[in-house]
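Source file: protein_1.pdb; contents: PDB, C-alpha atoms (C1' of nucleotides).
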```pdb
ATOM      1  CA  MET A 607      22.923  28.182   8.494
ATOM      2  CA  PRO A 608      25.055  27.220   5.615
ATOM      3  CA  GLU A 609      23.769  28.601   2.360
ATOM      4  CA  LEU A 610      25.223  28.023  -1.079
ATOM      5  CA  PRO A 611      28.666  29.615  -0.553
ATOM      6  CA  GLU A 612      29.289  27.723   2.680
ATOM      7  CA  VAL A 613      28.082  24.437   1.213
ATOM      8  CA  GLU A 614      30.251  24.964  -1.853
ATOM      9  CA  VAL A 615      33.298  25.588   0.339
ATOM     10  CA  VAL A 616      32.570  22.274   2.064
ATOM     11  CA  ARG A 617      32.101  20.516  -1.282
ATOM     12  CA  ARG A 618      35.485  21.686  -2.500
ATOM     13  CA  GLY A 619      37.060  20.538   0.729
ATOM     14  CA  LEU A 620      35.452  17.126   0.434
ATOM     15  CA  HIS A 621      36.854  16.756  -3.047
ATOM     16  CA  ALA A 622      40.353  17.209  -1.704
ATOM     17  CA  ALA A 623      39.813  15.152   1.435
ATOM     18  CA  VAL A 624      37.708  12.089   0.635
ATOM     19  CA  THR A 625      37.510  11.404  -3.111
ATOM     20  CA  GLY A 626      38.957   7.979  -3.818
ATOM     21  CA  GLY A 627      38.685   6.926  -0.180
ATOM     22  CA  VAL A 628      37.361   3.489   0.788
ATOM     23  CA  VAL A 629      34.881   3.338   3.665
ATOM     24  CA  ARG A 630      36.363   1.011   6.293
ATOM     25  CA  SER A 631      33.854   1.505   9.092
ATOM     26  CA  VAL A 632      30.922   3.672  10.088
ATOM     27  CA  GLU A 633      29.835   4.662  13.571
ATOM     28  CA  VAL A 634      26.424   6.244  14.057
ATOM     29  CA  ARG A 635      26.568   7.935  17.441
ATOM     30  CA  ASP A 636      23.154   9.584  17.129
ATOM     31  CA  GLU A 637      20.494   8.133  14.844
ATOM     32  CA  ARG A 638      18.731  11.486  14.682
ATOM     33  CA  ALA A 639      21.531  12.542  12.331
ATOM     34  CA  LEU A 640      20.075  10.130   9.745
ATOM     35  CA  LYS A 641      16.716  11.873   9.471
ATOM     36  CA  ARG A 642      16.833  11.873   5.673
ATOM     37  CA  HIS A 643      17.858   8.219   5.435
ATOM     38  CA  VAL A 644      15.008   5.868   4.558
ATOM     39  CA  GLY A 645      15.612   2.850   6.761
ATOM     40  CA  PRO A 646      17.350   2.030  10.026
ATOM     41  CA  ALA A 647      20.868   3.083  11.001
ATOM     42  CA  LEU A 648      22.105  -0.452  10.406
ATOM     43  CA  ASP A 649      20.999  -0.196   6.795
ATOM     44  CA  PHE A 650      22.877   3.103   6.455
ATOM     45  CA  VAL A 651      26.038   1.480   7.801
ATOM     46  CA  ASP A 652      25.695  -1.647   5.635
ATOM     47  CA  ARG A 653      25.213   0.312   2.461
ATOM     48  CA  LEU A 654      28.181   2.584   3.174
ATOM     49  CA  GLU A 655      30.856   0.182   4.351
ATOM     50  CA  GLY A 656      33.193  -1.009   1.610
ATOM     51  CA  GLU A 657      32.171   1.662  -0.878
ATOM     52  CA  VAL A 658      34.672   3.815  -2.758
ATOM     53  CA  LEU A 659      33.789   7.514  -2.630
ATOM     54  CA  GLY A 660      33.639   9.556  -5.822
ATOM     55  CA  GLU A 661      33.721  13.272  -6.464
ATOM     56  CA  ALA A 662      31.527  15.436  -4.224
ATOM     57  CA  ARG A 663      28.640  17.181  -5.962
ATOM     58  CA  ARG A 664      26.221  19.878  -4.916
ATOM     59  CA  ARG A 665      22.851  21.263  -5.854
ATOM     60  CA  GLY A 666      21.608  24.208  -3.850
ATOM     61  CA  LYS A 667      22.354  23.367  -0.239
ATOM     62  CA  PHE A 668      22.446  19.591  -0.780
ATOM     63  CA  LEU A 669      25.756  17.756  -1.049
ATOM     64  CA  TRP A 670      26.359  14.200  -2.168
ATOM     65  CA  VAL A 671      29.221  11.856  -2.875
ATOM     66  CA  PRO A 672      28.538   9.198  -5.541
ATOM     67  CA  MET A 673      29.741   5.747  -4.502
ATOM     68  CA  SER A 674      31.201   2.823  -6.412
ATOM     69  CA  GLY A 675      28.031   0.761  -5.926
ATOM     70  CA  GLY A 676      25.896   3.322  -7.754
ATOM     71  CA  ALA A 677      24.170   4.994  -4.787
ATOM     72  CA  ALA A 678      25.280   8.208  -3.074
ATOM     73  CA  LEU A 679      26.093   9.489   0.391
ATOM     74  CA  VAL A 680      23.850  12.550   0.729
ATOM     75  CA  ALA A 681      24.370  15.364   3.233
ATOM     76  CA  HIS A 682      22.359  18.415   4.187
ATOM     77  CA  LEU A 683      23.942  20.657   6.810
ATOM     78  CA  GLY A 684      20.694  22.214   8.029
ATOM     79  CA  MET A 685      21.396  25.120  10.378
ATOM     80  CA  SER A 686      24.470  23.845  12.168
ATOM     81  CA  GLY A 687      25.857  20.808  10.382
ATOM     82  CA  GLN A 688      29.550  20.349   9.637
ATOM     83  CA  LEU A 689      31.566  17.826   7.683
ATOM     84  CA  LEU A 690      35.122  17.606   8.934
ATOM     85  CA  ALA A 691      38.091  15.621   7.655
ATOM     86  CA  ARG A 692      40.061  14.589  10.746
ATOM     87  CA  PRO A 693      42.946  12.283  11.522
ATOM     88  CA  VAL A 694      42.054   9.002  13.211
ATOM     89  CA  GLY A 695      42.315   9.464  16.956
ATOM     90  CA  ALA A 696      41.630  13.197  16.986
ATOM     91  CA  VAL A 697      39.563  14.195  20.024
ATOM     92  CA  ASP A 698      35.825  13.762  19.395
ATOM     93  CA  GLU A 699      33.853  16.969  18.937
ATOM     94  CA  ARG A 700      31.044  17.549  21.423
ATOM     95  CA  GLN A 701      28.334  17.175  18.787
ATOM     96  CA  LEU A 702      29.914  14.387  16.756
ATOM     97  CA  ARG A 703      26.986  12.403  15.339
ATOM     98  CA  VAL A 704      28.463  10.125  12.660
ATOM     99  CA  ARG A 705      32.036   8.929  12.116
ATOM    100  CA  ILE A 706      33.081   7.467   8.758
ATOM    101  CA  ARG A 707      36.556   5.943   8.713
ATOM    102  CA  LEU A 708      38.248   6.069   5.332
ATOM    103  CA  GLU A 709      41.354   4.533   3.864
ATOM    104  CA  ARG A 710      43.028   6.419   1.088
ATOM    105  CA  GLY A 711      46.525   5.853  -0.243
ATOM    106  CA  GLY A 712      47.312   3.550   2.656
ATOM    107  CA  ALA A 713      46.493   6.202   5.277
ATOM    108  CA  ASP A 714      43.361   6.304   7.448
ATOM    109  CA  ARG A 715      41.345   9.388   8.218
ATOM    110  CA  GLU A 716      37.849  10.177   9.344
ATOM    111  CA  LEU A 717      35.004  12.037   7.739
ATOM    112  CA  ARG A 718      32.934  13.335  10.631
ATOM    113  CA  PHE A 719      29.404  14.718  10.693
ATOM    114  CA  ILE A 720      28.947  17.190  13.524
ATOM    115  CA  ASP A 721      25.629  18.918  14.113
ATOM    116  CA  GLN A 722      24.538  20.915  17.130
ATOM    117  CA  ARG A 723      20.861  21.303  16.280
ATOM    118  CA  LEU A 724      20.328  18.149  14.213
ATOM    119  CA  PHE A 725      18.405  19.882  11.452
ATOM    120  CA  GLY A 726      21.020  18.493   9.078
ATOM    121  CA  SER A 727      21.470  14.830   8.264
ATOM    122  CA  LEU A 728      23.210  12.171   6.234
ATOM    123  CA  ALA A 729      21.546   9.520   4.075
ATOM    124  CA  ILE A 730      22.295   6.860   1.530
ATOM    125  CA  ASP A 731      20.103   7.442  -1.480
ATOM    126  CA  ARG A 732      19.893   6.023  -4.962
ATOM    127  CA  LEU A 733      20.606   8.193  -7.966
ATOM    128  CA  CYS A 734      17.961   8.955 -10.555
ATOM    129  CA  VAL A 735      17.855  10.815 -13.852
ATOM    130  CA  ALA A 736      15.983  14.087 -13.382
ATOM    131  CA  GLY A 737      14.224  16.215 -15.993
ATOM    132  CA  ASP A 738      17.217  17.542 -17.899
ATOM    133  CA  ASP A 739      19.373  14.402 -17.971
ATOM    134  CA  ASP A 740      20.843  15.301 -14.623
ATOM    135  CA  VAL A 741      21.838  12.498 -12.293
ATOM    136  CA  LEU A 742      20.662  13.365  -8.783
ATOM    137  CA  PRO A 743      19.845  11.578  -5.541
ATOM    138  CA  THR A 744      16.066  11.027  -5.483
ATOM    139  CA  GLN A 745      15.624  13.330  -2.497
ATOM    140  CA  VAL A 746      17.365  16.163  -4.353
ATOM    141  CA  ALA A 747      15.255  15.849  -7.513
ATOM    142  CA  HIS A 748      12.871  18.649  -6.477
ATOM    143  CA  ILE A 749      15.678  21.197  -5.980
ATOM    144  CA  ALA A 750      16.078  23.771  -8.755
ATOM    145  CA  ARG A 751      19.433  24.730 -10.242
ATOM    146  CA  ASP A 752      21.277  27.549  -8.503
ATOM    147  CA  PRO A 753      22.542  30.791 -10.086
ATOM    148  CA  LEU A 754      26.113  29.460 -10.224
ATOM    149  CA  ASP A 755      25.061  26.361 -12.191
ATOM    150  CA  PRO A 756      26.260  26.618 -15.825
ATOM    151  CA  LEU A 757      22.862  25.298 -16.914
ATOM    152  CA  PHE A 758      20.889  27.782 -14.791
ATOM    153  CA  ASP A 759      18.069  28.876 -17.098
ATOM    154  CA  GLU A 760      17.826  32.530 -16.191
ATOM    155  CA  PRO A 761      14.934  33.568 -18.484
ATOM    156  CA  ALA A 762      12.854  30.612 -17.288
ATOM    157  CA  VAL A 763      13.579  31.415 -13.634
ATOM    158  CA  ILE A 764      12.637  35.060 -14.162
ATOM    159  CA  ASP A 765       9.342  33.894 -15.670
ATOM    160  CA  ARG A 766       8.649  31.595 -12.746
ATOM    161  CA  MET A 767       9.479  34.251 -10.197
ATOM    162  CA  ARG A 768       7.287  36.829 -11.894
ATOM    163  CA  ALA A 769       4.419  34.354 -12.111
ATOM    164  CA  SER A 770       4.143  34.498  -8.322
ATOM    165  CA  THR A 771       2.179  37.005  -6.304
ATOM    166  CA  ARG A 772       4.182  36.050  -3.215
ATOM    167  CA  GLY A 773       6.649  38.419  -1.620
ATOM    168  CA  VAL A 774       9.955  38.404  -3.490
ATOM    169  CA  LYS A 775      11.975  37.118  -0.536
ATOM    170  CA  SER A 776       9.685  34.175  -0.080
ATOM    171  CA  VAL A 777      10.182  33.354  -3.789
ATOM    172  CA  LEU A 778      13.973  33.704  -3.504
ATOM    173  CA  LEU A 779      13.950  31.246  -0.610
ATOM    174  CA  ASP A 780      11.863  28.709  -2.553
ATOM    175  CA  GLN A 781      14.431  26.033  -3.365
ATOM    176  CA  GLY A 782      12.195  24.648  -6.093
ATOM    177  CA  ILE A 783      12.460  27.897  -8.083
ATOM    178  CA  VAL A 784      16.032  28.976  -7.426
ATOM    179  CA  SER A 785      18.227  27.062  -5.004
ATOM    180  CA  GLY A 786      21.007  27.916  -2.604
ATOM    181  CA  VAL A 787      19.558  31.170  -1.240
ATOM    182  CA  GLY A 788      18.934  31.382   2.499
ATOM    183  CA  ASN A 789      18.102  34.146   4.941
ATOM    184  CA  ILE A 790      21.476  35.905   4.845
ATOM    185  CA  TYR A 791      22.027  36.070   1.104
ATOM    186  CA  ALA A 792      18.374  36.844   0.363
ATOM    187  CA  ASP A 793      18.651  39.968   2.525
ATOM    188  CA  GLU A 794      22.023  40.883   1.003
ATOM    189  CA  ALA A 795      20.796  40.527  -2.587
ATOM    190  CA  LEU A 796      17.608  42.484  -1.812
ATOM    191  CA  TRP A 797      19.698  45.255  -0.247
ATOM    192  CA  ARG A 798      21.901  45.425  -3.331
ATOM    193  CA  ALA A 799      18.798  45.513  -5.559
ATOM    194  CA  ARG A 800      17.048  48.082  -3.294
ATOM    195  CA  LEU A 801      13.979  45.864  -3.042
ATOM    196  CA  HIS A 802      11.659  45.404  -0.066
ATOM    197  CA  TRP A 803      11.331  41.762   0.965
ATOM    198  CA  ALA A 804       7.530  41.886   0.851
ATOM    199  CA  ARG A 805       7.268  43.336  -2.655
ATOM    200  CA  PRO A 806       5.079  40.955  -4.709
ATOM    201  CA  ALA A 807       7.368  39.244  -7.207
ATOM    202  CA  ALA A 808       4.802  39.708  -9.966
ATOM    203  CA  SER A 809       4.970  43.492  -9.527
ATOM    204  CA  ILE A 810       8.703  43.671 -10.289
ATOM    205  CA  SER A 811       9.816  44.330 -13.851
ATOM    206  CA  ARG A 812      11.610  41.663 -15.835
ATOM    207  CA  ALA A 813      14.731  43.810 -15.919
ATOM    208  CA  LYS A 814      14.664  44.282 -12.162
ATOM    209  CA  VAL A 815      14.294  40.562 -11.446
ATOM    210  CA  TRP A 816      17.179  39.948 -13.832
ATOM    211  CA  GLU A 817      19.210  42.502 -11.864
ATOM    212  CA  LEU A 818      18.215  40.837  -8.580
ATOM    213  CA  LEU A 819      19.415  37.423  -9.770
ATOM    214  CA  GLY A 820      22.667  39.086 -10.825
ATOM    215  CA  HIS A 821      23.058  40.387  -7.265
ATOM    216  CA  VAL A 822      22.363  36.916  -5.876
ATOM    217  CA  ARG A 823      25.112  35.532  -8.086
ATOM    218  CA  ASP A 824      27.509  38.356  -7.189
ATOM    219  CA  VAL A 825      26.975  38.044  -3.451
ATOM    220  CA  PHE A 826      27.454  34.270  -3.705
ATOM    221  CA  LEU A 827      30.760  34.763  -5.523
ATOM    222  CA  ASP A 828      31.898  37.486  -3.113
ATOM    223  CA  ALA A 829      31.139  35.223  -0.143
ATOM    224  CA  LEU A 830      32.813  32.244  -1.782
ATOM    225  CA  ALA A 831      35.969  34.295  -2.223
ATOM    226  CA  GLU A 832      35.970  34.946   1.542
ATOM    227  CA  GLY A 833      35.377  31.319   2.472
ATOM    228  CA  GLY A 834      31.703  31.875   3.370
ATOM    229  CA  THR A 835      29.953  33.566   6.311
ATOM    230  CA  SER A 836      30.785  32.520   9.882
ATOM    231  CA  PHE A 837      29.320  34.272  12.923
ATOM    232  CA  ASP A 838      30.842  31.737  15.294
ATOM    233  CA  ALA A 839      32.347  28.256  15.139
ATOM    234  CA  LEU A 840      29.126  26.738  13.785
ATOM    235  CA  TYR A 841      30.059  27.166  10.156
ATOM    236  CA  VAL A 842      33.522  25.920   9.236
ATOM    237  CA  ASN A 843      35.103  24.217   6.240
ATOM    238  CA  VAL A 844      36.273  20.579   6.286
ATOM    239  CA  ASN A 845      39.481  21.689   8.001
ATOM    240  CA  GLY A 846      37.583  23.468  10.762
ATOM    241  CA  GLU A 847      38.321  26.995   9.517
ATOM    242  CA  SER A 848      35.803  29.870   9.540
ATOM    243  CA  GLY A 849      34.938  32.138   6.600
ATOM    244  CA  TYR A 850      35.223  35.904   6.660
ATOM    245  CA  PHE A 851      32.262  37.213   4.685
ATOM    246  CA  SER A 852      30.386  38.351   7.817
ATOM    247  CA  ARG A 853      32.615  41.454   7.646
ATOM    248  CA  SER A 854      31.104  42.298   4.284
ATOM    249  CA  LEU A 855      27.419  41.898   5.138
ATOM    250  CA  ARG A 856      25.538  45.130   4.484
ATOM    251  CA  ALA A 857      22.066  44.283   5.784
ATOM    252  CA  TYR A 858      21.868  40.914   7.541
ATOM    253  CA  GLY A 859      22.391  41.176  11.287
ATOM    254  CA  ARG A 860      23.065  44.929  11.142
ATOM    255  CA  ALA A 861      19.956  46.278  12.891
ATOM    256  CA  GLY A 862      20.548  49.816  14.112
ATOM    257  CA  GLU A 863      23.730  50.284  12.078
ATOM    258  CA  PRO A 864      23.727  52.908   9.300
ATOM    259  CA  CYS A 865      22.974  51.791   5.768
ATOM    260  CA  GLU A 866      26.197  52.078   3.766
ATOM    261  CA  ARG A 867      24.361  53.896   0.980
ATOM    262  CA  CYS A 868      22.241  56.434   2.819
ATOM    263  CA  GLY A 869      23.068  56.257   6.527
ATOM    264  CA  THR A 870      19.559  55.341   7.651
ATOM    265  CA  PRO A 871      19.644  52.718  10.423
ATOM    266  CA  ILE A 872      19.025  49.182   9.165
ATOM    267  CA  ARG A 873      15.802  47.735  10.538
ATOM    268  CA  ARG A 874      15.052  44.196  11.679
ATOM    269  CA  GLU A 875      11.553  42.929  10.964
ATOM    270  CA  PRO A 876       9.803  39.630  11.671
ATOM    271  CA  PHE A 877       9.554  37.436   8.606
ATOM    272  CA  ALA A 878       8.300  33.852   8.465
ATOM    273  CA  ASN A 879       9.247  33.046  12.066
ATOM    274  CA  ARG A 880      12.689  34.534  11.591
ATOM    275  CA  SER A 881      14.062  37.977  10.730
ATOM    276  CA  SER A 882      14.553  40.211   7.732
ATOM    277  CA  TYR A 883      16.941  43.129   7.625
ATOM    278  CA  ARG A 884      16.503  46.049   5.270
ATOM    279  CA  CYS A 885      17.198  49.721   4.855
ATOM    280  CA  PRO A 886      13.879  51.505   5.436
ATOM    281  CA  ARG A 887      14.891  54.249   3.012
ATOM    282  CA  CYS A 888      16.568  52.364   0.134
ATOM    283  CA  GLN A 889      14.208  49.392   0.242
ATOM    284  CA  ARG A 890      10.662  50.733   0.315
ATOM    285  CA  LEU A 891       7.511  48.922  -0.640
ATOM    286  CA  ARG A 892       6.340  51.282  -3.353
TER
ATOM    287  C1'  DA B1055      -2.218  29.662  -3.671
ATOM    288  C1'  DG B1056       0.200  31.051  -0.179
ATOM    289  C1'  DG B1057       0.387  33.034   4.573
ATOM    290  C1'  DG B1058       1.039  31.737   9.222
ATOM    291  C1'  DT B1059       2.475  28.468  12.506
ATOM    292  C1'  DA B1060       4.689  24.764  14.565
ATOM    293  C1'  DA B1061       7.821  21.021  14.703
ATOM    294  C1'  DC B1062      12.348  19.198  14.519
ATOM    295  C1'  DC B1063      16.970  20.430  18.146
ATOM    296  C1'  DT B1064      20.897  22.615  21.070
ATOM    297  C1'  DG B1065      23.336  26.450  22.559
ATOM    298  C1'  DT B1066      24.107  31.275  23.641
ATOM    299  C1'  DA B1067      22.911  35.844  25.062
ATOM    300  C1'  DT B1068      20.078  38.810  27.715
ATOM    301  C1'  DG B1069      17.176  40.429  31.371
ATOM    302  C1'  DC B1070      15.258  40.020  35.904
TER
ATOM    303  C1'  DT C1262      23.575  32.108  40.816
ATOM    304  C1'  DG C1263      19.329  30.750  38.777
ATOM    305  C1'  DC C1264      15.523  30.965  35.760
ATOM    306  C1'  DA C1265      12.821  32.507  31.837
ATOM    307  C1'  DT C1266      12.844  34.271  27.330
ATOM    308  C1'  DA C1267      14.410  35.214  22.722
ATOM    309  C1'  DC C1268      16.957  34.012  18.970
ATOM    310  C1'  DA C1269      20.040  31.426  15.497
ATOM    311  C1'  DG C1270      22.570  29.927   8.725
ATOM    312  C1'  DG C1271      16.830  25.198   7.095
ATOM    313  C1'  DT C1272      13.055  22.250   5.717
ATOM    314  C1'  DT C1273       8.605  20.242   5.964
ATOM    315  C1'  DA C1274       3.806  19.502   7.318
ATOM    316  C1'  DC C1275      -0.457  21.233   8.372
ATOM    317  C1'  DC C1276      -4.227  24.563   8.923
ATOM    318  C1'  DC C1277      -6.916  28.239   7.243
TER
END
```

For this file, write the structure as structure tokens.
Amino acid sequence: MPELPEVEVVRRGLHAAVTGGVVRSVEVRDERALKRHVGPALDFVDRLEGEVLGEARRRGKFLWVPMSGGAALVAHLGMSGQLLARPVGAVDERQLRVRIRLERGGADRELRFIDQRLFGSLAIDRLCVAGDDDVLPTQVAHIARDPLDPLFDEPAVIDRMRASTRGVKSVLLDQGIVSGVGNIYADEALWRARLHWARPAASISRAKVWELLGHVRDVFLDALAEGGTSFDALYVNVNGESGYFSRSLRAYGRAGEPCERCGTPIRREPFANRSSYRCPRCQRLR
DNA sequence: AGGGTAACCTGTATGC
DNA sequence: TGCATACAGGTTACCC
């Protein structure tokens, strides 16, 4: 569920809530929430306890918090993951999977990982130096920079996208080419660019792909300004608050509603075991 | 190479 | 009320 804007909202919240905290204890209530951790739950707990948490970082949809010992606490929210900063003693959420008790400035609080569907997970991972001198957790090394990254190499990404004969949406969702885009924002950017999701990327002009990436960046920034997209209580920031960008969606989830440009009803179509939404008039194949 | 599919999970909405 | 089905923001593996 959470795509770049939602994950970035969480990252900013983590910065305010946990940076500088010392891990006092860790409770793993469901080991399935450690899917990305190499090793048993006990190892996860041992490597986390006593560490001082640094400043939260993000690449694409991955989050991590560097720790004093040199490793990092890595999080991916999957479809339904949440990271919440809660006071000690607050009532446990139904899907609370991992509880991390922190001490900061003499006060205790909890960083909680909640995940309904368990496609997200936490892990302790070591940091490595990736291609361009970037320090990343090893499991994040294959993730490309996102369009909001100051070092995003736009001409190189345009080349890579146009080197593919795949459908343009499939390329947008490929986190190894451009990261942070998921099903919602792919459909929104394609609507803004008037492109059909199945259009082969290689058939789109350089200028048009450049425009498309501009729309991806714009829709990310628009969503960020609204606190992200929440359809229900599944996506919330670290304080448990929803975002409001769902009001501004123009394609995603709007099947049957008139396109804001031309009035034609938005259509839902099967795509890669999920759904794509497009305007059948503005976003044609040829 | 890249598409289709399934697997990993739980919860909600809908229809009968 | 119950039951069956479809669907949901992601990622990865495997099979053609």

For chain C, list the residues within 10 Å of chain A, counting only C-alpha atoms (C1' of nucleotides), and write the list as a list in words.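 That gives DC1268, DA1269, DG1270, DG1271 and DT1272 of chain C for chain C.
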
What is the CA of Leu801 (chain A)-CA of Asp838 (chain A) distance in Å, reported with one decimal? 28.6 Å

Tell me, as an mmCIF file with C-alpha atoms (C1' of nucleotides), keeping the file's coordinate frame, which residues lie within 12 Å of DG1069 (chain B), counting all atoms listed in the file; anything in the same chain fewer than 6 positions away does not count.
```cif
data_model
loop_
_atom_site.group_PDB
_atom_site.id
_atom_site.type_symbol
_atom_site.label_atom_id
_atom_site.label_comp_id
_atom_site.auth_asym_id
_atom_site.auth_seq_id
_atom_site.Cartn_x
_atom_site.Cartn_y
_atom_site.Cartn_z
ATOM 1 C "C1'" DC C 1264 15.523 30.965 35.760
ATOM 2 C "C1'" DA C 1265 12.821 32.507 31.837
ATOM 3 C "C1'" DT C 1266 12.844 34.271 27.330
ATOM 4 C "C1'" DA C 1267 14.410 35.214 22.722
#
```

Run the PyMOL selection byres ((chain A) within 8 of (chain B)) against the file shown and list the residues it catches, as a PyMOL selection string. chain A and resi 722-725+772+878

Asp828 (chain A): which residues within 12 Å, counting all atoms listed in the file, same-chain residues fewer than 2 positions away excluded, as number ranges by chain? A: 610-612, 791, 794-795, 821-826, 830-835, 849-855

So which residues fall inside 9 Å of (42.2, 10.3, 7.0) if we count all atoms listed in the file? Mind giving them as a PyMOL selection string? chain A and resi 623-624+627+691-694+707-710+713-717

Go ahead and compute the interatomic distance for CA of Val629 (chain A) and CA of Arg653 (chain A), in Å to one decimal. 10.2 Å

How big is the axis-aligned box, and where does its centre sit, when it encloses all atoms of region 702-717 of chain A listed in the file and has 6 Å added on every side, reported in Å to one decimal as AutoDock Vina command-line options?
```
--center_x 37.1 --center_y 9.0 --center_z 8.3 --size_x 32.3 --size_y 22.8 --size_z 29.0
```

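Take CA of Val615 (chain A) and CA of Ser785 (chain A): the distance between them is 16.1 Å.
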
Could you name the residues that touch Val644 (chain A) at 10 Å or less, counting all atoms listed in the file, but leaving out those on the same chain fewer than 6 positions away, as a PyMOL selection string? chain A and resi 650+729-731

Take the residues from that selection and put them in a file with C-alpha atoms, as a short mmCIF file (atom, residue, chain, number, x, y, z; two decimals), keeping the file's coordinate frame.
```cif
data_model
loop_
_atom_site.label_atom_id
_atom_site.label_comp_id
_atom_site.auth_asym_id
_atom_site.auth_seq_id
_atom_site.Cartn_x
_atom_site.Cartn_y
_atom_site.Cartn_z
CA PHE A 650 22.88 3.10 6.46
CA ALA A 729 21.55 9.52 4.08
CA ILE A 730 22.30 6.86 1.53
CA ASP A 731 20.10 7.44 -1.48
#
```

Just want the 9 Å neighbourhood of Asp636 (chain A), counted on all atoms listed in the file, with same-chain residues fewer than 3 positions away dropped. Output as a CSV table (one decimal) with C-alpha atoms, in the coordinates of the input.
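Output file out.csv follows:
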```csv
chain,number,residue,atom,x,y,z
A,639,ALA,CA,21.5,12.5,12.3
A,640,LEU,CA,20.1,10.1,9.7
A,702,LEU,CA,29.9,14.4,16.8
A,703,ARG,CA,27.0,12.4,15.3
A,704,VAL,CA,28.5,10.1,12.7
```

Would you kindly translate the PyMOL selection byres ((chain A and resi 676) around 12) into the concrete residues it picks from this file, as an MDAnalysis selection string? chainID A and resid 653:654 657:660 671:675 677:679 730:734 741:743
